[in-house]
>>> print(open('upload26.txt').read())   # compact mmCIF, C-alpha atoms
# COMPACT_ATOMS: atom_id res chain seq x y z
CA MET A 186 -104.86 -4.79 -72.63
CA GLN A 187 -107.51 -3.29 -74.90
CA HIS A 188 -106.70 -5.73 -77.70
CA GLU A 189 -107.11 -8.64 -75.24
CA LYS A 190 -110.47 -7.28 -74.21
CA ASP A 191 -111.49 -6.90 -77.85
CA LEU A 192 -110.41 -10.45 -78.54
CA ALA A 193 -112.37 -11.76 -75.56
CA GLN A 194 -115.46 -9.80 -76.59
CA ALA A 195 -115.19 -11.10 -80.16
CA CYS A 196 -114.85 -14.66 -78.92
CA ALA A 197 -117.81 -14.18 -76.57
CA SER A 198 -119.91 -12.91 -79.47
CA GLY A 199 -119.20 -16.07 -81.49
CA ASP A 200 -116.56 -14.83 -83.93
CA ARG A 201 -114.92 -18.00 -85.29
CA GLN A 202 -111.79 -16.23 -86.55
CA ALA A 203 -111.27 -14.55 -83.19
CA TRP A 204 -111.72 -17.89 -81.47
CA GLN A 205 -109.05 -19.45 -83.69
CA HIS A 206 -106.72 -16.59 -82.85
CA PHE A 207 -107.53 -17.00 -79.16
CA LEU A 208 -106.68 -20.70 -79.34
CA GLU A 209 -103.41 -19.99 -81.14
CA LEU A 210 -102.43 -17.52 -78.45
CA TYR A 211 -103.68 -19.15 -75.28
CA SER A 212 -104.33 -22.90 -75.67
CA CYS A 213 -100.66 -23.71 -75.07
CA LYS A 214 -100.48 -21.35 -72.09
CA LEU A 215 -103.61 -22.91 -70.67
CA TYR A 216 -102.13 -26.38 -70.99
CA ILE A 217 -98.86 -25.29 -69.30
CA ALA A 218 -100.82 -23.66 -66.49
CA ALA A 219 -102.95 -26.79 -66.10
CA LEU A 220 -99.84 -28.94 -66.01
CA ALA A 221 -98.42 -26.76 -63.23
CA LEU A 222 -101.67 -27.19 -61.36
CA VAL A 223 -102.31 -30.95 -61.61
CA GLU A 224 -98.83 -32.28 -62.54
CA ASP A 225 -100.26 -34.96 -64.83
CA LYS A 226 -100.12 -34.62 -68.62
CA ASN A 227 -103.40 -36.35 -69.41
CA LEU A 228 -105.28 -34.63 -66.62
CA ALA A 229 -103.77 -31.28 -67.61
CA ARG A 230 -104.85 -31.76 -71.22
CA GLU A 231 -108.33 -32.72 -70.10
CA LEU A 232 -108.55 -29.74 -67.77
CA ALA A 233 -107.33 -27.26 -70.41
CA ASP A 234 -109.69 -28.69 -73.02
CA THR A 235 -112.63 -28.53 -70.63
CA VAL A 236 -111.92 -24.89 -69.81
CA CYS A 237 -111.63 -24.10 -73.53
CA ALA A 238 -114.93 -25.84 -74.19
CA ASP A 239 -116.48 -23.88 -71.34
CA LEU A 240 -115.25 -20.61 -72.85
CA TYR A 241 -116.36 -21.46 -76.39
CA CYS A 242 -119.47 -19.67 -77.52
CA ASN A 243 -122.00 -21.60 -79.59
CA SER A 244 -125.72 -22.28 -79.68
CA GLN A 245 -125.46 -24.59 -76.67
CA ASN A 246 -123.35 -22.13 -74.73
CA PRO A 247 -124.52 -18.69 -75.92
CA ARG A 248 -123.16 -16.84 -72.89
CA SER A 249 -119.42 -17.45 -72.83
CA LYS A 250 -117.53 -16.67 -69.67
CA LEU A 251 -115.13 -14.60 -71.76
CA ALA A 252 -117.80 -11.89 -71.79
CA THR A 253 -117.08 -11.25 -68.10
CA TYR A 254 -113.46 -10.31 -68.83
CA THR A 255 -113.18 -6.53 -68.41
CA GLY A 256 -109.52 -6.11 -69.36
CA ARG A 257 -108.30 -4.76 -66.04
CA GLY A 258 -105.82 -7.60 -65.70
CA SER A 259 -104.11 -9.52 -68.46
CA LEU A 260 -106.14 -12.16 -70.28
CA GLU A 261 -103.55 -14.76 -69.37
CA SER A 262 -103.92 -14.14 -65.64
CA TRP A 263 -107.70 -14.14 -66.06
CA LEU A 264 -107.46 -17.54 -67.75
CA ARG A 265 -105.24 -18.83 -64.96
CA ALA A 266 -107.83 -17.71 -62.41
CA VAL A 267 -110.61 -19.41 -64.40
CA LEU A 268 -108.54 -22.57 -64.69
CA PHE A 269 -107.74 -22.58 -60.98
CA GLN A 270 -111.34 -22.07 -59.92
CA PHE A 271 -112.51 -24.69 -62.41
CA ASN A 272 -110.04 -27.18 -60.97
CA ILE A 273 -111.18 -26.38 -57.42
CA ASP A 274 -114.82 -26.86 -58.40
CA ARG A 275 -113.97 -30.16 -60.10
CA HIS A 276 -112.00 -31.27 -57.05
CA ARG A 277 -114.84 -30.36 -54.70
CA THR A 278 -117.36 -32.21 -56.86
CA GLU A 279 -115.22 -35.34 -56.93
CA ARG A 280 -114.59 -35.08 -53.21
CA ARG A 281 -118.29 -34.83 -52.54
CA PHE A 282 -118.77 -38.23 -54.14
CA THR A 283 -115.68 -40.02 -52.91
CA SER A 284 -114.71 -38.89 -49.43
CA PHE A 285 -117.91 -38.62 -47.48
CA ASP A 286 -116.34 -40.89 -44.84
CA ASP A 287 -113.48 -38.44 -44.45
CA GLU A 288 -115.92 -35.61 -43.87
CA LEU A 289 -117.78 -37.69 -41.30
CA TYR A 290 -114.50 -38.34 -39.54
CA LEU A 291 -113.75 -34.62 -39.50
CA ILE A 292 -117.19 -33.83 -38.04
CA GLU A 293 -116.75 -36.46 -35.34
CA ARG A 294 -113.28 -35.23 -34.54
CA SER A 295 -114.35 -31.59 -34.27
CA SER A 296 -117.27 -32.47 -31.99
CA ALA A 297 -114.94 -34.55 -29.83
CA LEU A 298 -112.56 -31.62 -29.62
CA ALA A 299 -115.38 -29.37 -28.49
CA PHE A 300 -115.83 -31.56 -25.42
CA ASP A 301 -112.12 -31.91 -24.75
CA PRO A 302 -111.41 -30.15 -21.42
CA LEU A 303 -107.98 -29.03 -22.56
CA VAL A 304 -109.40 -27.35 -25.65
CA ARG A 305 -112.29 -25.88 -23.68
CA GLY A 306 -109.79 -24.49 -21.16
CA HIS A 307 -108.07 -22.58 -23.90
CA SER A 308 -111.18 -21.33 -25.63
CA ASN A 309 -110.79 -17.91 -24.00
CA PHE A 310 -107.28 -17.70 -25.26
CA GLU A 311 -108.27 -18.77 -28.76
CA ASP A 312 -111.11 -16.27 -28.80
CA SER A 313 -108.80 -13.42 -27.80
CA LEU A 314 -106.30 -14.55 -30.40
CA ARG A 315 -108.95 -14.59 -33.11
CA GLU A 316 -110.24 -11.19 -32.07
CA SER A 317 -106.73 -9.76 -32.11
CA ILE A 318 -106.16 -11.14 -35.59
CA ARG A 319 -109.51 -9.81 -36.78
CA ALA A 320 -108.61 -6.36 -35.49
CA LEU A 321 -105.67 -6.18 -37.91
CA GLU A 322 -105.76 -4.48 -41.31
CA PRO A 323 -106.86 -6.81 -44.16
CA GLU A 324 -103.42 -6.61 -45.77
CA ASP A 325 -101.73 -7.58 -42.49
CA ARG A 326 -104.09 -10.51 -42.07
CA PHE A 327 -103.38 -11.57 -45.64
CA ILE A 328 -99.63 -11.45 -44.96
CA LEU A 329 -100.09 -13.38 -41.73
CA ALA A 330 -102.23 -16.07 -43.36
CA SER A 331 -100.02 -16.40 -46.43
CA HIS A 332 -96.85 -16.66 -44.38
CA PHE A 333 -97.94 -18.84 -41.45
CA PHE A 334 -100.89 -20.83 -42.76
CA ASP A 335 -99.86 -21.29 -46.41
CA GLY A 336 -96.12 -21.51 -45.74
CA ARG A 337 -95.15 -18.86 -48.29
CA ASN A 338 -91.95 -16.93 -47.76
CA LEU A 339 -91.79 -13.15 -47.59
CA ALA A 340 -90.64 -12.79 -51.20
CA GLN A 341 -93.61 -14.79 -52.47
CA VAL A 342 -96.06 -12.75 -50.41
CA ALA A 343 -94.38 -9.55 -51.55
CA GLN A 344 -94.73 -10.59 -55.18
CA VAL A 345 -98.47 -11.02 -54.78
CA LEU A 346 -98.80 -7.65 -53.04
CA HIS A 347 -96.53 -5.83 -55.50
CA THR A 348 -94.20 -4.68 -52.77
CA HIS A 349 -90.77 -5.51 -51.36
CA ALA A 350 -90.02 -8.47 -49.11
CA SER A 351 -88.56 -6.19 -46.43
CA THR A 352 -91.83 -4.23 -46.32
CA VAL A 353 -93.76 -7.46 -45.85
CA GLY A 354 -91.30 -8.49 -43.12
CA ARG A 355 -91.80 -5.18 -41.29
CA ARG A 356 -95.57 -5.43 -41.53
CA LEU A 357 -95.46 -9.02 -40.32
CA GLY A 358 -93.37 -8.04 -37.28
CA LYS A 359 -95.73 -5.20 -36.42
CA ALA A 360 -98.76 -7.48 -36.87
CA LEU A 361 -97.31 -10.07 -34.49
CA ILE A 362 -96.60 -7.45 -31.86
CA ALA A 363 -100.16 -6.13 -32.24
CA ILE A 364 -101.56 -9.64 -31.85
CA ARG A 365 -99.54 -10.33 -28.71
CA ARG A 366 -100.58 -7.02 -27.16
CA GLY A 367 -104.19 -7.64 -28.13
CA VAL A 368 -104.22 -11.11 -26.55
CA VAL A 369 -102.64 -9.85 -23.33
CA ARG A 370 -105.03 -6.91 -23.12
CA ARG A 371 -108.10 -9.04 -23.74
CA LEU A 372 -107.09 -11.74 -21.27
CA SER A 373 -106.16 -9.13 -18.66
CA HIS A 374 -109.64 -7.66 -18.98
CA GLN A 375 -111.03 -11.12 -18.23
CA GLY A 376 -109.19 -11.05 -14.90
CA LEU A 377 -106.21 -13.26 -15.67
CA SER A 378 -103.11 -12.44 -13.62
CA SER A 379 -99.76 -12.01 -15.34
CA SER A 380 -98.45 -15.36 -14.08
CA ALA A 381 -101.62 -17.15 -15.15
CA LEU A 382 -101.36 -15.40 -18.49
CA ALA A 383 -97.79 -16.52 -19.02
CA GLU A 384 -98.72 -20.06 -18.01
CA SER A 385 -101.66 -20.01 -20.36
CA LEU A 386 -99.46 -18.85 -23.22
CA ASP A 387 -96.95 -21.60 -22.46
CA LEU A 388 -99.62 -24.26 -22.32
CA PHE A 389 -101.32 -23.05 -25.46
CA ALA A 390 -98.08 -22.99 -27.42
CA THR A 391 -97.08 -26.51 -26.38
CA GLU A 392 -100.43 -28.32 -26.28
CA VAL A 393 -102.58 -26.75 -28.94
CA SER A 394 -101.53 -27.04 -32.53
CA PHE A 395 -101.55 -23.58 -33.96
CA ASP A 396 -99.31 -22.10 -36.61
CA LEU A 397 -98.52 -19.02 -34.59
CA GLN A 398 -97.20 -20.98 -31.63
CA ALA A 399 -93.54 -20.38 -32.36
CA GLU A 400 -94.05 -16.65 -32.66
CA LEU A 401 -96.17 -16.59 -29.53
CA LEU A 402 -93.53 -18.53 -27.63
CA LEU A 403 -91.05 -15.86 -28.58
CA GLY A 404 -93.42 -13.31 -27.14
CA VAL A 405 -93.88 -15.15 -23.82
CA ASP A 406 -90.48 -14.10 -22.51
CA LEU A 407 -91.08 -10.51 -23.55
CA MET A 408 -94.40 -10.44 -21.76
CA ARG A 409 -92.93 -12.02 -18.65
CA GLU A 410 -90.27 -9.33 -18.60
CA GLY A 411 -92.86 -6.67 -19.19
CA THR A 412 -95.26 -7.78 -16.49
CA MET B 1289 -122.81 -5.54 -59.70
CA ASN B 1290 -121.55 -7.78 -56.95
CA ARG B 1291 -118.11 -8.82 -58.09
CA PHE B 1292 -117.88 -11.41 -55.35
CA SER B 1293 -120.73 -13.50 -56.67
CA SER B 1294 -120.09 -15.83 -59.51
CA PRO B 1295 -122.52 -18.56 -60.49
CA ALA B 1296 -119.67 -20.77 -61.67
CA ASN B 1297 -118.00 -20.79 -58.29
CA GLN B 1298 -118.88 -23.36 -55.70
CA SER B 1299 -118.25 -20.87 -52.95
CA ALA B 1300 -120.56 -18.05 -53.93
CA ARG B 1301 -118.64 -15.42 -52.00
CA CYS B 1302 -115.32 -15.99 -53.75
CA PRO B 1303 -114.20 -13.20 -56.10
CA THR B 1304 -114.54 -13.53 -59.85
CA PRO B 1305 -111.53 -14.33 -62.06
CA ASP B 1306 -111.75 -10.78 -63.39
CA LEU B 1307 -111.25 -9.30 -59.94
CA LEU B 1308 -108.44 -11.71 -59.13
CA SER B 1309 -106.60 -10.98 -62.35
CA ALA B 1310 -107.05 -7.25 -61.77
CA PHE B 1311 -105.57 -7.71 -58.29
CA ALA B 1312 -102.63 -9.59 -59.83
CA ALA B 1313 -102.12 -6.68 -62.22
CA ASN B 1314 -102.33 -4.20 -59.31
CA ALA B 1315 -105.22 -2.51 -61.10
CA LEU B 1316 -107.76 -2.36 -58.27
CA SER B 1317 -108.97 0.75 -56.52
CA PRO B 1318 -107.96 1.05 -52.81
CA GLY B 1319 -111.48 0.14 -51.71
CA GLU B 1320 -111.69 -2.91 -53.95
CA ARG B 1321 -108.22 -3.97 -52.90
CA LYS B 1322 -109.12 -3.73 -49.22
CA THR B 1323 -112.30 -5.74 -49.70
CA LEU B 1324 -110.49 -8.39 -51.69
CA LEU B 1325 -107.63 -8.63 -49.17
CA ASP B 1326 -110.24 -9.00 -46.43
CA HIS B 1327 -111.62 -12.00 -48.31
CA LEU B 1328 -108.19 -13.40 -49.18
CA ALA B 1329 -107.10 -13.31 -45.53
CA GLY B 1330 -109.82 -15.80 -44.72
CA CYS B 1331 -109.96 -17.87 -47.91
CA LYS B 1332 -107.12 -20.27 -48.47
CA THR B 1333 -108.38 -21.27 -51.93
CA CYS B 1334 -108.38 -17.72 -53.22
CA ARG B 1335 -104.94 -17.09 -51.71
CA ALA B 1336 -103.71 -20.12 -53.62
CA CYS B 1337 -105.42 -18.81 -56.76
CA VAL B 1338 -103.78 -15.39 -56.46
CA SER B 1339 -100.44 -17.06 -55.91
CA PHE B 1340 -101.04 -19.31 -58.93
CA ILE B 1341 -101.83 -16.29 -61.11
CA GLY B 1342 -98.61 -14.65 -59.92
CA GLU B 1343 -96.59 -17.66 -61.01
CA ALA B 1344 -97.25 -16.85 -64.68
CA PRO B 1345 -94.18 -15.65 -66.54
CA GLN B 1346 -94.09 -11.88 -66.12
CA SER B 1347 -93.82 -9.99 -69.37
CA ARG B 1348 -92.28 -7.06 -67.51
CA GLN B 1349 -89.09 -9.03 -66.80
CA TRP B 1350 -88.22 -9.37 -70.47
CA PRO B 1351 -87.78 -5.66 -71.33
CA ARG B 1352 -85.51 -5.23 -68.31
CA PHE B 1353 -83.36 -8.11 -69.51
CA ALA B 1354 -83.57 -6.83 -73.08
CA THR B 1355 -82.35 -3.39 -72.00
CA HIS B 1356 -79.31 -4.89 -70.33
CA ALA B 1357 -78.60 -7.15 -73.29
CA ALA B 1358 -78.97 -4.28 -75.73
CA ALA B 1359 -76.64 -2.14 -73.62
CA ILE B 1360 -74.04 -4.90 -73.60
CA LEU B 1361 -74.25 -5.28 -77.38
CA ILE B 1362 -74.72 -1.68 -78.45
CA LEU B 1363 -72.21 0.14 -76.26
CA PRO B 1364 -69.09 -1.70 -77.55
CA ALA B 1365 -70.40 -1.37 -81.11
CA LEU B 1366 -70.92 2.36 -80.58
CA GLY B 1367 -67.43 2.71 -79.13
CA PHE B 1368 -65.94 0.84 -82.06
CA ALA B 1369 -67.85 3.01 -84.53
CA LEU B 1370 -66.65 6.20 -82.84
CA LEU B 1371 -63.08 4.93 -82.86
CA SER B 1372 -63.34 4.08 -86.55
CA LEU B 1373 -64.71 7.55 -87.30
CA HIS B 1374 -61.89 9.12 -85.32
CA ARG B 1375 -59.29 7.10 -87.19
CA ALA B 1376 -60.86 7.88 -90.53
CA GLY B 1377 -60.43 11.57 -89.82
CA LYS B 1378 -56.68 11.28 -89.26
CA PRO B 1379 -54.15 11.80 -92.04
CA PRO B 1380 -52.49 8.72 -93.50
CA HIS B 1381 -49.78 7.31 -91.30
CA LEU B 1382 -46.46 8.46 -92.67
CA PRO B 1383 -43.13 6.70 -92.25
CA LEU B 1384 -41.05 8.75 -89.86
CA SER B 1385 -37.74 7.03 -90.10
CA SER B 1386 -36.04 9.97 -91.74
CA ALA B 1387 -36.70 13.57 -92.45
CA SER B 1388 -36.27 13.23 -96.18
CA GLN B 1389 -39.36 11.02 -96.49
CA THR B 1390 -41.87 12.94 -94.41
CA PRO B 1391 -42.52 16.54 -95.27
CA SER B 1392 -42.72 16.24 -99.02
CA LEU B 1393 -45.84 14.09 -99.13
CA LEU B 1394 -48.25 16.88 -98.30
CA GLN B 1395 -48.16 20.56 -98.71
CA PRO B 1396 -47.55 21.70 -95.11
CA ALA B 1397 -49.69 24.79 -95.31
CA GLU B 1398 -52.67 22.94 -96.73
CA PHE B 1399 -52.28 20.11 -94.31
CA LEU B 1400 -52.08 22.37 -91.32
CA THR B 1401 -55.06 24.41 -92.40
CA ASN B 1402 -57.17 21.31 -92.69
CA SER B 1403 -55.96 19.90 -89.43
CA LEU B 1404 -56.31 23.06 -87.40
CA SER B 1405 -59.77 23.73 -88.67
CA THR B 1406 -61.08 20.34 -87.66
CA ARG B 1407 -59.31 19.09 -84.56
CA ARG B 1408 -56.26 19.57 -82.42
CA LEU B 1409 -52.83 18.52 -83.62
CA THR B 1410 -51.61 15.01 -83.27
CA GLN B 1411 -47.98 14.35 -82.43
CA ALA B 1412 -47.01 13.69 -86.04
CA GLU B 1413 -48.77 16.81 -87.24
CA ARG B 1414 -46.99 18.77 -84.55
CA ALA B 1415 -43.71 17.45 -85.93
CA PHE B 1416 -44.66 18.59 -89.42
CA HIS B 1417 -45.57 21.94 -88.01
CA LEU B 1418 -42.21 22.28 -86.32
CA LEU B 1419 -40.52 21.21 -89.51
CA THR B 1420 -42.28 23.89 -91.50
CA GLN B 1421 -41.50 26.46 -88.85
CA SER B 1422 -37.81 25.68 -89.19
CA HIS B 1423 -38.06 26.00 -93.00
CA LEU B 1424 -37.07 22.44 -93.64
CA SER B 1425 -33.63 23.06 -92.34
CA SER B 1426 -34.03 20.33 -89.83
CA SER B 1427 -34.25 16.57 -89.78
CA LEU B 1428 -36.76 14.23 -88.24
CA ALA B 1429 -35.90 10.92 -86.60
CA PHE B 1430 -37.87 8.26 -84.84
CA TYR B 1431 -36.35 6.54 -81.79
CA ARG B 1432 -37.52 3.84 -79.47
CA LYS B 1433 -36.69 4.90 -75.94
CA PRO B 1434 -37.19 2.82 -72.79
CA ASN B 1435 -40.13 4.97 -71.74
CA GLY B 1436 -41.84 4.84 -75.14
CA PRO B 1437 -41.29 5.90 -78.75
CA ARG B 1438 -39.99 9.36 -79.36
CA LEU B 1439 -40.12 11.55 -82.41
CA VAL B 1440 -37.01 13.69 -82.44
CA LEU B 1441 -36.72 16.84 -84.45
CA GLN B 1442 -33.26 18.20 -84.98
CA THR B 1443 -33.09 21.88 -85.83
CA GLU B 1444 -30.41 24.47 -85.98
CA ARG B 1445 -31.32 25.56 -82.48
CA GLY B 1446 -30.99 22.12 -81.01
CA GLU B 1447 -32.90 18.88 -80.66
CA ARG B 1448 -36.63 18.73 -79.83
CA TRP B 1449 -38.44 15.54 -79.18
CA ILE B 1450 -42.08 14.66 -79.02
CA ALA B 1451 -43.53 11.67 -77.24
CA VAL B 1452 -45.61 9.41 -79.46
CA GLY B 1453 -48.53 7.46 -78.07
CA SER B 1454 -49.17 9.77 -75.16
CA PRO B 1455 -50.85 13.12 -74.83
CA PHE B 1456 -48.86 15.75 -76.57
CA SER B 1457 -45.62 16.60 -74.85
CA GLU B 1458 -42.67 18.40 -76.04
CA SER B 1459 -39.25 18.95 -74.68
CA LYS B 1460 -36.21 20.69 -75.74
CA ARG B 1461 -32.71 19.33 -75.52
CA ASN B 1462 -29.60 21.27 -76.33
>>> encode(input="upload26.txt", output="structure tokens")
Amino acid sequence: MQHEKDLAQACASGDRQAWQHFLELYSCKLYIAALALVEDKNLARELADTVCADLYCNSQNPRSKLATYTGRGSLESWLRAVLFQFNIDRHRTERRFTSFDDELYLIERSSALAFDPLVRGHSNFEDSLRESIRALEPEDRFILASHFFDGRNLAQVAQVLHTHASTVGRRLGKALIAIRRGVVRRLSHQGLSSSALAESLDLFATEVSFDLQAELLLGVDLMREGT
Amino acid sequence: MNRFSSPANQSARCPTPDLLSAFAANALSPGERKTLLDHLAGCKTCRACVSFIGEAPQSRQWPRFATHAAAILILPALGFALLSLHRAGKPPHLPLSSASQTPSLLQPAEFLTNSLSTRRLTQAERAFHLLTQSHLSSSLAFYRKPNGPRLVLQTERGERWIAVGSPFSESKRN
């Protein structure tokens, strides 16, 4: 990747020939990546062009972002990351101007939930769940979040982590067991009896919307047998 | 240098594109990887970004495919070339319908010397050898038998036949 780094450095220093070469190599890839991101040809073209303009070094933009590329990853993946973050920033900026009402609704809803007796009744449970999740290794938490919150399958998570899907599956299973044990231990310390604990788990899994509910329901029977 | 702070990012704590691309290339140190995974576990946007980077066509897949394709193309070609070389080394195919046609084409001694010095005898060469051993007082005939073609050498001592098209075998019939 040394030649990619050299190219990026040359572009960042204002070399016109290097910039032309960079465009020949990566403008098409940028457009394809943008198209995959926004799924609209015009918007994708606009996004790719804006990123290119942002990377171009001239008198108005003397400090090109290409100077921050260190060559540890490929230049293409770096560009994809830049494109993605640029799109997120653009989306957030637009959202700030257009959907203030939506944000107000979310604030009202969250404050209403805070006073909901059902939610308040389960706050101990949620706290223990969060603490159990926080106690996991970062990689386990990443697997958990990618699989349950983002809906990615084991193969997709494994691809990101450069490992095998079966390894991710094993780690996920172990993480879930650790979470269940952590929740039970924490709630037991708070003085909850085993029957109250099982009831609480049942209620939480059916009433409160949480992505781990199915897995926790599976664990309820195990805990009942164990206690 | 704090690699988690980027002025271009809205969320100031999100990692830089350089760090994310290095993670995608599996080029981070264990400490950096742990810190980044810690952030990724709690940041849905960055998880989506890492996943988006991973969706790029992997250049590593092409050489694997190329190796298989090259193996499929090269191995038969290599086999064919070896077969051609093997055939080129053999003596010209001689008609074996009768004994009067066969032995006079080559000088037996010269032929045998060349053959023995380079490779083992083929069936036809073996027949020539037997012919020379019997001082040309025999006859050679070629028969098609139910279990394959047979080269039959008739000598004063009896009839000897050699299977053609199979590993060398010899039998003696009286």
>>> atom_distance(input="upload26.txt", atom1="atom CA of Ala320 of chain A", atom2="atom CA of Gly367 of chain A")
8.7 Å
>>> interface_residues(input="upload26.txt", of="chain B", to="chain A", cutoff="10 Å", atoms="all atoms listed in the file", output="PyMOL selection string")
chain B and resi 1296-1299+1302+1304-1316+1321-1345
>>> atom_distance(input="upload26.txt", atom1="atom CA of Ala381 of chain A", atom2="atom CA of Ala360 of chain A")
23.9 Å
>>> atom_distance(input="upload26.txt", atom1="atom CA of Gly199 of chain A", atom2="atom CA of Cys242 of chain A")
5.4 Å
>>> residues_around(input="upload26.txt", residues="Tyr216 of chain A", least_positions_apart="3", cutoff="12 Å", atoms="all atoms listed in the file", output="JSON, numbers by chain")
{"A": [208, 210, 211, 212, 213, 219, 220, 221, 222, 223, 224, 225, 226, 227, 228, 229, 230, 231, 232, 233, 234, 235, 236, 237, 261, 264, 265, 268]}
>>> residues_near_point(input="upload26.txt", point="(-91.1, -11.7, -43.0)", cutoff="9 Å", atoms="only C-alpha atoms", output="list in words")
Ile328, His332, Asn338, Leu339, Ala340, Val342, Ala350, Ser351, Thr352, Val353, Gly354, Arg355, Arg356, Leu357 and Gly358 of chain A
